[in-house]
>>> print(open('start16.cif').read())   # mmCIF, C-alpha atoms and all ligand atoms
data_final
#
loop_
_atom_site.label_atom_id
_atom_site.label_comp_id
_atom_site.auth_asym_id
_atom_site.auth_seq_id
_atom_site.Cartn_x
_atom_site.Cartn_y
_atom_site.Cartn_z
CA MET A 1 117.69 -38.94 60.05
CA SER A 2 116.23 -38.29 63.51
CA ASP A 3 116.21 -40.05 66.86
CA ALA A 4 113.32 -40.29 69.28
CA THR A 5 114.18 -36.96 70.92
CA SER A 6 115.48 -34.68 68.19
CA PRO A 7 113.24 -32.06 66.52
CA LEU A 8 111.74 -33.19 63.23
CA LEU A 9 113.54 -30.86 60.83
CA PRO A 10 113.40 -31.10 57.03
CA PRO A 11 113.90 -33.46 55.23
CA ALA A 12 112.15 -35.69 57.79
CA ARG A 13 109.48 -37.96 56.32
CA ILE A 14 105.87 -36.97 56.94
CA ALA A 15 102.69 -38.84 56.02
CA LEU A 16 99.58 -36.68 55.82
CA ILE A 17 96.30 -38.60 55.99
CA GLY A 18 93.24 -36.70 54.73
CA LEU A 19 93.92 -34.59 51.63
CA GLY A 20 90.70 -32.54 51.76
CA ASN A 21 90.13 -28.79 51.83
CA MET A 22 92.57 -28.30 54.72
CA GLY A 23 94.89 -31.30 54.41
CA ALA A 24 96.00 -30.72 50.80
CA PRO A 25 97.17 -27.10 51.23
CA MET A 26 98.78 -27.91 54.60
CA ALA A 27 100.67 -30.81 53.01
CA LEU A 28 101.86 -28.46 50.26
CA GLN A 29 103.28 -26.09 52.90
CA LEU A 30 105.33 -29.03 54.23
CA VAL A 31 106.55 -29.83 50.71
CA LYS A 32 107.56 -26.15 50.30
CA THR A 33 109.54 -26.37 53.55
CA ASP A 34 111.48 -29.37 52.13
CA TYR A 35 109.92 -32.15 54.16
CA GLN A 36 109.51 -35.46 52.32
CA VAL A 37 105.74 -35.72 52.22
CA CYS A 38 103.58 -38.67 51.27
CA GLY A 39 99.83 -38.05 51.27
CA PHE A 40 96.95 -40.47 51.51
CA ASP A 41 93.16 -40.14 51.32
CA ILE A 42 90.50 -42.83 51.02
CA SER A 43 89.06 -40.80 48.15
CA PRO A 44 90.88 -41.45 44.84
CA ASP A 45 89.69 -38.01 43.65
CA ALA A 46 91.37 -36.31 46.62
CA ARG A 47 94.60 -38.24 45.94
CA GLN A 48 94.45 -37.25 42.27
CA ARG A 49 93.85 -33.58 43.14
CA PHE A 50 96.83 -33.52 45.49
CA SER A 51 99.01 -35.26 42.95
CA SER A 52 98.04 -32.70 40.28
CA MET A 53 99.15 -29.95 42.73
CA GLY A 54 102.61 -31.54 42.78
CA GLY A 55 102.28 -33.61 45.96
CA GLY A 56 103.42 -37.22 46.38
CA VAL A 57 100.70 -39.77 47.19
CA ALA A 58 100.44 -43.44 48.01
CA SER A 59 97.49 -45.54 46.93
CA GLU A 60 97.66 -47.63 50.14
CA VAL A 61 97.72 -46.08 53.60
CA ALA A 62 100.35 -48.61 54.80
CA SER A 63 102.82 -47.38 52.13
CA ALA A 64 102.13 -43.74 53.05
CA VAL A 65 102.99 -44.23 56.73
CA ALA A 66 105.82 -46.78 56.39
CA GLY A 67 109.07 -45.16 57.57
CA ALA A 68 107.37 -41.84 58.41
CA ASP A 69 108.91 -39.79 61.23
CA ALA A 70 105.59 -38.02 61.74
CA ILE A 71 102.01 -38.78 60.70
CA ILE A 72 99.47 -35.97 60.50
CA THR A 73 95.74 -36.70 60.41
CA LEU A 74 93.34 -34.10 58.94
CA LEU A 75 90.08 -35.99 59.01
CA PRO A 76 86.41 -35.13 59.54
CA ASP A 77 86.15 -36.17 63.21
CA SER A 78 87.40 -38.44 66.04
CA LYS A 79 85.61 -41.46 64.57
CA ALA A 80 87.46 -41.09 61.26
CA VAL A 81 90.76 -40.56 63.11
CA ARG A 82 90.24 -43.77 65.08
CA GLN A 83 89.28 -45.69 61.90
CA ALA A 84 92.30 -44.40 60.01
CA LEU A 85 94.69 -45.22 62.87
CA ASP A 86 93.27 -48.74 63.18
CA SER A 87 93.94 -49.20 59.46
CA PHE A 88 97.63 -48.25 59.56
CA ILE A 89 99.03 -48.41 63.10
CA GLN A 90 100.74 -51.77 62.54
CA SER A 91 102.81 -50.14 59.74
CA VAL A 92 104.06 -47.20 61.85
CA LYS A 93 107.69 -47.14 62.99
CA ALA A 94 108.42 -47.16 66.71
CA ASP A 95 109.56 -43.55 67.33
CA CYS A 96 106.96 -41.92 65.09
CA VAL A 97 105.07 -38.81 66.28
CA ILE A 98 101.36 -38.88 65.45
CA ILE A 99 99.72 -35.44 65.24
CA ASP A 100 95.94 -35.16 65.05
CA MET A 101 95.27 -31.77 63.44
CA SER A 102 91.57 -32.52 62.85
CA SER A 103 88.95 -30.77 64.98
CA SER A 104 88.36 -33.84 67.13
CA ASP A 105 86.60 -34.56 70.42
CA PRO A 106 89.03 -33.97 73.34
CA VAL A 107 87.54 -36.79 75.44
CA GLU A 108 88.09 -39.27 72.58
CA THR A 109 91.57 -37.84 72.02
CA ARG A 110 92.55 -38.62 75.62
CA LYS A 111 91.28 -42.22 75.25
CA LEU A 112 93.15 -42.67 71.98
CA GLY A 113 96.27 -41.11 73.49
CA GLN A 114 96.34 -43.61 76.34
CA GLU A 115 96.42 -46.43 73.78
CA LEU A 116 98.95 -44.86 71.41
CA ILE A 117 101.32 -43.58 74.08
CA GLY A 118 100.98 -46.97 75.82
CA LYS A 119 102.29 -48.57 72.61
CA GLY A 120 105.31 -46.21 72.63
CA PHE A 121 104.24 -43.69 69.97
CA GLY A 122 104.34 -39.93 70.46
CA PHE A 123 100.85 -38.42 70.17
CA ILE A 124 99.71 -34.79 70.30
CA ASP A 125 96.58 -32.90 69.26
CA ALA A 126 97.14 -29.79 67.14
CA PRO A 127 93.89 -28.49 65.62
CA VAL A 128 93.90 -25.31 63.60
CA SER A 129 91.90 -22.17 63.01
CA GLY A 130 92.11 -19.81 60.08
CA GLY A 131 90.34 -21.83 57.40
CA VAL A 132 91.43 -22.77 53.90
CA ARG A 133 92.86 -19.34 53.04
CA ARG A 134 95.34 -19.43 55.91
CA ALA A 135 96.09 -23.11 55.26
CA VAL A 136 97.12 -22.09 51.73
CA ASP A 137 99.50 -19.36 52.91
CA GLY A 138 100.83 -21.28 55.91
CA THR A 139 99.60 -18.81 58.55
CA LEU A 140 97.20 -20.98 60.55
CA THR A 141 96.71 -20.64 64.30
CA ILE A 142 97.58 -23.99 65.90
CA MET A 143 96.51 -25.08 69.41
CA VAL A 144 98.72 -27.89 70.67
CA GLY A 145 98.10 -30.30 73.53
CA GLY A 146 100.35 -33.08 74.80
CA SER A 147 103.70 -33.70 76.43
CA SER A 148 106.29 -30.94 76.08
CA ALA A 149 108.91 -33.40 74.84
CA THR A 150 106.68 -34.61 71.98
CA ILE A 151 105.60 -31.06 71.10
CA ASP A 152 109.28 -29.98 71.05
CA ARG A 153 109.93 -32.70 68.46
CA ALA A 154 106.92 -31.74 66.33
CA GLU A 155 107.28 -27.97 66.56
CA PRO A 156 109.29 -27.42 63.33
CA VAL A 157 106.62 -29.37 61.44
CA LEU A 158 103.85 -27.21 62.95
CA GLN A 159 105.81 -24.04 62.21
CA ALA A 160 105.81 -24.95 58.53
CA MET A 161 101.99 -24.72 58.52
CA GLY A 162 101.17 -22.10 61.13
CA LYS A 163 102.01 -18.59 62.25
CA SER A 164 100.76 -18.64 65.85
CA ILE A 165 101.37 -21.80 67.84
CA PHE A 166 99.85 -22.02 71.32
CA ARG A 167 100.74 -24.78 73.78
CA THR A 168 97.41 -25.30 75.53
CA GLY A 169 98.35 -27.99 78.09
CA ASP A 170 97.84 -31.73 78.37
CA LEU A 171 96.74 -34.04 75.58
CA GLY A 172 93.25 -33.08 74.35
CA SER A 173 93.55 -29.44 75.45
CA GLY A 174 94.12 -28.26 71.86
CA HIS A 175 90.95 -30.02 70.76
CA ALA A 176 89.04 -28.57 73.71
CA MET A 177 90.31 -25.04 72.91
CA LYS A 178 89.39 -25.39 69.24
CA ALA A 179 85.82 -26.54 69.99
CA LEU A 180 85.36 -23.80 72.60
CA ASN A 181 86.64 -21.13 70.19
CA ASN A 182 84.17 -22.25 67.56
CA TYR A 183 81.38 -22.34 70.16
CA VAL A 184 82.06 -18.68 71.02
CA SER A 185 82.15 -17.81 67.32
CA ALA A 186 78.95 -19.78 66.59
CA ALA A 187 77.07 -18.28 69.55
CA GLY A 188 78.17 -14.78 68.49
CA LEU A 189 76.92 -15.45 64.97
CA LEU A 190 73.52 -16.60 66.26
CA ALA A 191 73.19 -13.58 68.56
CA ALA A 192 73.95 -11.21 65.67
CA VAL A 193 71.57 -12.95 63.25
CA GLU A 194 68.78 -13.08 65.84
CA ALA A 195 69.25 -9.41 66.75
CA VAL A 196 69.00 -8.43 63.08
CA ALA A 197 65.83 -10.56 62.65
CA ILE A 198 64.22 -8.87 65.68
CA GLY A 199 65.36 -5.39 64.58
CA LYS A 200 64.14 -5.90 61.01
CA GLN A 201 60.70 -7.00 62.20
CA PHE A 202 60.54 -3.83 64.31
CA GLY A 203 61.51 -1.64 61.34
CA LEU A 204 65.27 -1.23 61.75
CA ASP A 205 67.49 -1.41 58.66
CA PRO A 206 69.84 -4.47 58.89
CA LEU A 207 72.71 -2.59 57.18
CA LEU A 208 72.39 0.35 59.59
CA MET A 209 72.18 -2.11 62.50
CA THR A 210 75.47 -3.67 61.38
CA ASP A 211 77.14 -0.24 61.23
CA VAL A 212 75.95 0.57 64.75
CA LEU A 213 77.00 -2.83 66.15
CA ASN A 214 80.45 -2.47 64.61
CA VAL A 215 81.19 0.71 66.56
CA SER A 216 79.44 -0.46 69.73
CA THR A 217 79.85 -3.17 72.36
CA GLY A 218 77.84 -5.71 70.29
CA ARG A 219 80.68 -5.93 67.74
CA ASN A 220 82.02 -9.42 67.05
CA ASN A 221 83.57 -11.42 64.21
CA THR A 222 80.16 -11.98 62.62
CA THR A 223 79.10 -8.32 62.73
CA GLU A 224 82.46 -7.30 61.25
CA ALA A 225 83.15 -10.02 58.70
CA LYS A 226 79.95 -11.95 57.97
CA LEU A 227 76.67 -10.04 58.45
CA LYS A 228 76.84 -7.70 55.44
CA GLN A 229 79.24 -9.84 53.42
CA PHE A 230 77.44 -13.20 53.49
CA ILE A 231 74.18 -13.03 55.46
CA ILE A 232 72.35 -9.77 54.65
CA SER A 233 73.64 -10.08 51.06
CA GLU A 234 72.24 -13.67 51.05
CA THR A 235 75.38 -15.01 49.33
CA TYR A 236 76.02 -17.51 52.16
CA ASN A 237 79.51 -18.41 50.95
CA ALA A 238 82.04 -17.56 53.67
CA GLY A 239 83.87 -20.86 53.02
CA PHE A 240 83.38 -22.80 56.26
CA PRO A 241 80.79 -25.61 56.09
CA LEU A 242 77.77 -25.54 58.40
CA LYS A 243 78.18 -29.24 59.18
CA LEU A 244 81.69 -28.59 60.58
CA MET A 245 80.46 -25.69 62.73
CA ALA A 246 77.60 -27.88 64.03
CA LYS A 247 80.13 -30.62 64.81
CA ASP A 248 82.45 -28.23 66.68
CA VAL A 249 79.61 -26.68 68.71
CA GLY A 250 78.43 -30.23 69.52
CA ILE A 251 81.93 -31.17 70.72
CA ALA A 252 82.06 -28.14 73.04
CA ASN A 253 78.61 -29.02 74.38
CA SER A 254 79.38 -32.70 74.96
CA LEU A 255 82.63 -31.68 76.71
CA ALA A 256 80.57 -29.55 79.13
CA HIS A 257 78.30 -32.54 79.84
CA ALA A 258 81.22 -34.99 80.14
CA ILE A 259 82.80 -32.90 82.89
CA ASP A 260 79.52 -31.76 84.51
CA VAL A 261 79.73 -28.04 83.78
CA PRO A 262 76.26 -26.48 83.44
CA ALA A 263 76.09 -24.91 79.95
CA PRO A 264 72.50 -23.84 79.13
CA LEU A 265 73.54 -21.42 76.37
CA SER A 266 75.72 -24.08 74.78
CA ASP A 267 72.77 -26.54 74.95
CA ALA A 268 70.50 -24.14 73.05
CA CYS A 269 73.25 -23.15 70.60
CA SER A 270 74.16 -26.75 69.83
CA LYS A 271 70.52 -27.66 69.15
CA LEU A 272 70.08 -24.72 66.74
CA TRP A 273 73.24 -25.59 64.79
CA THR A 274 72.34 -29.29 64.62
CA ASP A 275 68.78 -28.50 63.45
CA ALA A 276 70.13 -26.09 60.81
CA SER A 277 72.67 -28.65 59.62
CA ASN A 278 69.97 -31.32 59.29
CA ALA A 279 67.64 -28.89 57.49
CA LEU A 280 70.18 -27.36 55.08
CA GLY A 281 72.33 -30.39 54.26
CA ASN A 282 76.00 -31.20 53.85
CA SER A 283 76.91 -28.58 51.28
CA ALA A 284 75.56 -25.54 53.18
CA ASP A 285 77.95 -22.81 54.33
CA HIS A 286 77.76 -21.98 58.04
CA THR A 287 76.48 -18.46 57.29
CA ALA A 288 73.35 -20.09 55.77
CA ILE A 289 72.12 -20.51 59.34
CA GLY A 290 70.95 -16.89 58.78
CA LYS A 291 68.50 -18.25 56.19
CA HIS A 292 67.41 -20.98 58.62
CA ILE A 293 66.74 -18.46 61.42
CA ALA A 294 64.83 -16.20 58.99
CA GLY A 295 62.84 -19.29 57.93
CA LEU A 296 61.87 -20.02 61.55
CA ASN A 297 60.65 -16.45 61.80
CA SER A 298 58.47 -16.69 58.68
CA GLN A 299 57.06 -20.13 59.71
CA LYS A 300 55.85 -18.49 62.91
CA GLY A 301 53.80 -16.05 60.84
CA ASP A 302 52.16 -18.84 58.75
P1 LIG A 401 87.31 -32.40 54.06
O1 LIG A 401 86.03 -33.14 54.14
O2 LIG A 401 87.54 -31.46 52.93
O3 LIG A 401 88.54 -33.45 54.08
C1 LIG A 401 88.57 -34.61 54.86
C2 LIG A 401 89.22 -35.69 54.00
O4 LIG A 401 89.41 -36.86 54.82
C3 LIG A 401 88.36 -36.12 52.80
O5 LIG A 401 89.12 -35.94 51.61
C4 LIG A 401 88.06 -37.60 53.08
O6 LIG A 401 88.01 -38.40 51.90
C5 LIG A 401 89.23 -37.98 53.96
N1 LIG A 401 89.01 -39.16 54.80
C6 LIG A 401 87.93 -39.47 55.58
N2 LIG A 401 88.14 -40.61 56.25
C7 LIG A 401 89.39 -41.04 55.92
C8 LIG A 401 90.20 -42.15 56.31
N3 LIG A 401 89.75 -43.05 57.18
N4 LIG A 401 91.42 -42.27 55.76
C9 LIG A 401 91.89 -41.35 54.87
N5 LIG A 401 91.18 -40.28 54.46
C10 LIG A 401 89.95 -40.12 54.98
O7 LIG A 401 87.46 -31.65 55.46
P2 LIG A 401 88.40 -30.40 55.79
O8 LIG A 401 87.63 -29.14 55.58
O9 LIG A 401 89.72 -30.58 55.16
O10 LIG A 401 88.53 -30.57 57.39
C11 LIG A 401 89.43 -31.51 57.97
C12 LIG A 401 89.45 -31.25 59.47
O11 LIG A 401 89.89 -29.90 59.72
C13 LIG A 401 88.05 -31.37 60.12
O12 LIG A 401 88.17 -31.98 61.38
C14 LIG A 401 87.58 -29.94 60.23
O13 LIG A 401 86.63 -29.75 61.28
C15 LIG A 401 88.90 -29.20 60.47
N6 LIG A 401 88.91 -27.81 60.05
C16 LIG A 401 88.38 -27.42 58.85
C17 LIG A 401 88.42 -26.07 58.48
C18 LIG A 401 87.85 -25.60 57.16
O14 LIG A 401 87.77 -24.37 56.94
N7 LIG A 401 87.45 -26.47 56.23
C19 LIG A 401 89.00 -25.12 59.33
C20 LIG A 401 89.56 -25.55 60.55
C21 LIG A 401 89.50 -26.89 60.90
#
>>> encode(input="start16.cif", output="structure tokens", more="lines below")
Ligand code: NAD
Amino acid sequence: MSDATSPLLPPARIALIGLGNMGAPMALQLVKTDYQVCGFDISPDARQRFSSMGGGVASEVASAVAGADAIITLLPDSKAVRQALDSFIQSVKADCVIIDMSSSDPVETRKLGQELIGKGFGFIDAPVSGGVRRAVDGTLTIMVGGSSATIDRAEPVLQAMGKSIFRTGDLGSGHAMKALNNYVSAAGLLAAVEAVAIGKQFGLDPLLMTDVLNVSTGRNNTTEAKLKQFIISETYNAGFPLKLMAKDVGIANSLAHAIDVPAPLSDACSKLWTDASNALGNSADHTAIGKHIAGLNSQKGD
């Protein structure tokens, strides 16, 4: 079907490992584009869900990856990616391209890449932004790091899932870009929430504050799309888990430390997100950090 240099066009065989909130809809986009897709997840429930959506699944990871031209991982973090790869790498065919689309740690990605590329596999990082909604309609933003030749091969596969594809540089640069984007978003959210808490205590109306911010230089994604909708309204259901935001902010912060870049704001931001994640638990939405910050404020008055 394809050789080691030709682009992976449909009906190339793709294994997608990790059929969770992002992986399942992204796999369905590949099915829609006429790739031959076989999904796998360690959770039988996730496999069953994907199967009921019309996707093909294997009950063993080795069967899912056998003969695949490309393998996509959409897993919680670098540790899970490493574990999954260890469990199936001996079943992967020689010219396969492995694409880690999880939000992983760029330093770990570079280490893993040295091993995989050393064994002759293609390996690129291609994390996404846009969330579940844009995974469902195939319009994700994808940040891709790795060798141009391997990205050229994988590009048609990425195009089936994304609308904007950015080549960010060497292996790991996509993962670095993703973590840094989410750091900027997370820091902006904290600044907005903190400003509203201060303003409210002083007697300002949070809704009026949001209106002013949105036509002033303080405007950001949180003031526009989250403050009124999910935080002031106390619905806390924007759809992106707090634990994933805390992980991404932590990755950006540990990258700064790994390469000796002073990052005092990132240090403080990472601590707040980690504390909120520990306090609010695995099921909390990231906008619930508004509740956590308000809680800190009321504790102070106790
Ligand atoms: P999820 O928890 O819904 O799905 C992860 C899946 O991986 C689960 O079904 C789990 O059973 C499976 N899994 C874990 N270890 C495995 C292994 N060793 N082998 C096979 N399957 C395994 O998470 P998600 O929301 O789909 O996120 C996946 C990745 O995408 C994460 O890195 C996340 O940070 C990133 N991401 C998520 C969003 C979002 O809005 N949810 C947006 C952008 C990026």
>>> residues_near_ligand(input="start16.cif", ligand="ligand LIG 401 (chain A)", cutoff="6 Å", atoms="all atoms listed in the file", output="PyMOL selection string")
chain A and resi 17-23+41-43+46+74-77+80+83-84+102-103+128-129+131-132+240+244
>>> residues_around(input="start16.cif", residues="Asp275 in chain A", least_positions_apart="3", cutoff="12 Å", atoms="only C-alpha atoms", output="list in words")
Leu242, Lys243, Ala246, Lys247, Gly250, Ala268, Cys269, Ser270, Lys271, Leu272, Asn278, Ala279, Leu280, Gly281, Ile289, His292, Ile293 and Leu296 of chain A
>>> atom_distance(input="start16.cif", atom1="CA of Cys38 in chain A", atom2="CA of Pro241 in chain A")
26.7 Å
>>> atom_distance(input="start16.cif", atom1="CA of Gly54 in chain A", atom2="CA of Thr73 in chain A")
19.6 Å
>>> atom_distance(input="start16.cif", atom1="CA of Ala4 in chain A", atom2="CA of Arg153 in chain A")
8.4 Å
>>> residues_near_point(input="start16.cif", point="(89.9, -31.4, 73.9)", cutoff="10 Å", atoms="only C-alpha atoms", output="list in words")
Ser103, Ser104, Asp105, Pro106, Val107, Glu108, Thr109, Arg110, Asp125, Pro127, Gly145, Thr168, Asp170, Leu171, Gly172, Ser173, Gly174, His175, Ala176, Met177, Lys178, Ala179, Leu180, Ile251, Ala252 and Leu255 of chain A
>>> closest_residue(input="start16.cif", among="A:Gly146, A:Pro11, A:Pro264, A:Gly130", to="Ile117 in chain A", atoms="only C-alpha atoms")
A:Gly146
>>> residues_around(input="start16.cif", residues="Ala288 in chain A", least_positions_apart="2", cutoff="10 Å", atoms="only C-alpha atoms", output="PyMOL selection string")
chain A and resi 230-231+234-238+241-242+276-277+280+284-286+290-294
>>> build_atoms(input="start16.cif", residues="range 246-256 of chain A", atoms="all heavy atoms", output="PDB file, in the frame of the given file")
ATOM      1  N   ALA A 246      78.521 -27.125  63.161  1.00  0.00           N
ATOM      2  CA  ALA A 246      77.600 -27.880  64.030  1.00  0.00           C
ATOM      3  C   ALA A 246      78.365 -28.951  64.801  1.00  0.00           C
ATOM      4  O   ALA A 246      78.137 -29.166  65.997  1.00  0.00           O
ATOM      5  CB  ALA A 246      76.485 -28.502  63.194  1.00  0.00           C
ATOM      6  N   LYS A 247      79.317 -29.603  64.127  1.00  0.00           N
ATOM      7  CA  LYS A 247      80.130 -30.620  64.810  1.00  0.00           C
ATOM      8  C   LYS A 247      80.933 -29.990  65.949  1.00  0.00           C
ATOM      9  O   LYS A 247      80.946 -30.497  67.070  1.00  0.00           O
ATOM     10  CB  LYS A 247      81.086 -31.281  63.802  1.00  0.00           C
ATOM     11  CG  LYS A 247      82.060 -32.255  64.461  1.00  0.00           C
ATOM     12  CD  LYS A 247      83.248 -32.607  63.565  1.00  0.00           C
ATOM     13  CE  LYS A 247      84.179 -31.459  63.371  1.00  0.00           C
ATOM     14  NZ  LYS A 247      85.509 -31.806  62.858  1.00  0.00           N
ATOM     15  N   ASP A 248      81.597 -28.858  65.667  1.00  0.00           N
ATOM     16  CA  ASP A 248      82.450 -28.230  66.680  1.00  0.00           C
ATOM     17  C   ASP A 248      81.645 -27.750  67.884  1.00  0.00           C
ATOM     18  O   ASP A 248      82.066 -27.918  69.036  1.00  0.00           O
ATOM     19  CB  ASP A 248      83.224 -27.053  66.061  1.00  0.00           C
ATOM     20  CG  ASP A 248      84.240 -27.513  65.022  1.00  0.00           C
ATOM     21  OD1 ASP A 248      84.625 -28.696  65.048  1.00  0.00           O
ATOM     22  OD2 ASP A 248      84.642 -26.694  64.174  1.00  0.00           O
ATOM     23  N   VAL A 249      80.465 -27.160  67.608  1.00  0.00           N
ATOM     24  CA  VAL A 249      79.610 -26.680  68.710  1.00  0.00           C
ATOM     25  C   VAL A 249      79.129 -27.891  69.526  1.00  0.00           C
ATOM     26  O   VAL A 249      79.066 -27.841  70.756  1.00  0.00           O
ATOM     27  CB  VAL A 249      78.424 -25.868  68.143  1.00  0.00           C
ATOM     28  CG1 VAL A 249      77.453 -25.477  69.246  1.00  0.00           C
ATOM     29  CG2 VAL A 249      78.931 -24.620  67.431  1.00  0.00           C
ATOM     30  N   GLY A 250      78.840 -28.994  68.832  1.00  0.00           N
ATOM     31  CA  GLY A 250      78.430 -30.230  69.520  1.00  0.00           C
ATOM     32  C   GLY A 250      79.548 -30.787  70.392  1.00  0.00           C
ATOM     33  O   GLY A 250      79.305 -31.289  71.492  1.00  0.00           O
ATOM     34  N   ILE A 251      80.789 -30.683  69.926  1.00  0.00           N
ATOM     35  CA  ILE A 251      81.930 -31.170  70.720  1.00  0.00           C
ATOM     36  C   ILE A 251      82.065 -30.331  72.003  1.00  0.00           C
ATOM     37  O   ILE A 251      82.235 -30.876  73.098  1.00  0.00           O
ATOM     38  CB  ILE A 251      83.241 -31.121  69.897  1.00  0.00           C
ATOM     39  CG1 ILE A 251      83.214 -32.162  68.778  1.00  0.00           C
ATOM     40  CG2 ILE A 251      84.460 -31.348  70.804  1.00  0.00           C
ATOM     41  CD1 ILE A 251      84.385 -32.080  67.801  1.00  0.00           C
ATOM     42  N   ALA A 252      81.955 -29.016  71.858  1.00  0.00           N
ATOM     43  CA  ALA A 252      82.060 -28.140  73.040  1.00  0.00           C
ATOM     44  C   ALA A 252      80.954 -28.481  74.031  1.00  0.00           C
ATOM     45  O   ALA A 252      81.183 -28.553  75.253  1.00  0.00           O
ATOM     46  CB  ALA A 252      81.983 -26.677  72.618  1.00  0.00           C
ATOM     47  N   ASN A 253      79.749 -28.721  73.506  1.00  0.00           N
ATOM     48  CA  ASN A 253      78.610 -29.020  74.380  1.00  0.00           C
ATOM     49  C   ASN A 253      78.773 -30.379  75.065  1.00  0.00           C
ATOM     50  O   ASN A 253      78.523 -30.518  76.268  1.00  0.00           O
ATOM     51  CB  ASN A 253      77.322 -28.963  73.534  1.00  0.00           C
ATOM     52  CG  ASN A 253      76.082 -29.133  74.383  1.00  0.00           C
ATOM     53  OD1 ASN A 253      75.361 -30.113  74.251  1.00  0.00           O
ATOM     54  ND2 ASN A 253      75.837 -28.201  75.274  1.00  0.00           N
ATOM     55  N   SER A 254      79.242 -31.376  74.311  1.00  0.00           N
ATOM     56  CA  SER A 254      79.380 -32.700  74.960  1.00  0.00           C
ATOM     57  C   SER A 254      80.549 -32.693  75.946  1.00  0.00           C
ATOM     58  O   SER A 254      80.524 -33.416  76.942  1.00  0.00           O
ATOM     59  CB  SER A 254      79.488 -33.841  73.937  1.00  0.00           C
ATOM     60  OG  SER A 254      80.644 -33.713  73.208  1.00  0.00           O
ATOM     61  N   LEU A 255      81.548 -31.817  75.714  1.00  0.00           N
ATOM     62  CA  LEU A 255      82.630 -31.680  76.710  1.00  0.00           C
ATOM     63  C   LEU A 255      82.045 -31.147  78.026  1.00  0.00           C
ATOM     64  O   LEU A 255      82.348 -31.672  79.105  1.00  0.00           O
ATOM     65  CB  LEU A 255      83.719 -30.738  76.170  1.00  0.00           C
ATOM     66  CG  LEU A 255      84.867 -30.424  77.136  1.00  0.00           C
ATOM     67  CD1 LEU A 255      85.625 -31.694  77.534  1.00  0.00           C
ATOM     68  CD2 LEU A 255      85.835 -29.405  76.527  1.00  0.00           C
ATOM     69  N   ALA A 256      81.197 -30.117  77.922  1.00  0.00           N
ATOM     70  CA  ALA A 256      80.570 -29.550  79.130  1.00  0.00           C
ATOM     71  C   ALA A 256      79.834 -30.656  79.894  1.00  0.00           C
ATOM     72  O   ALA A 256      79.974 -30.777  81.119  1.00  0.00           O
ATOM     73  CB  ALA A 256      79.608 -28.427  78.750  1.00  0.00           C
TER      74      ALA A 256
END
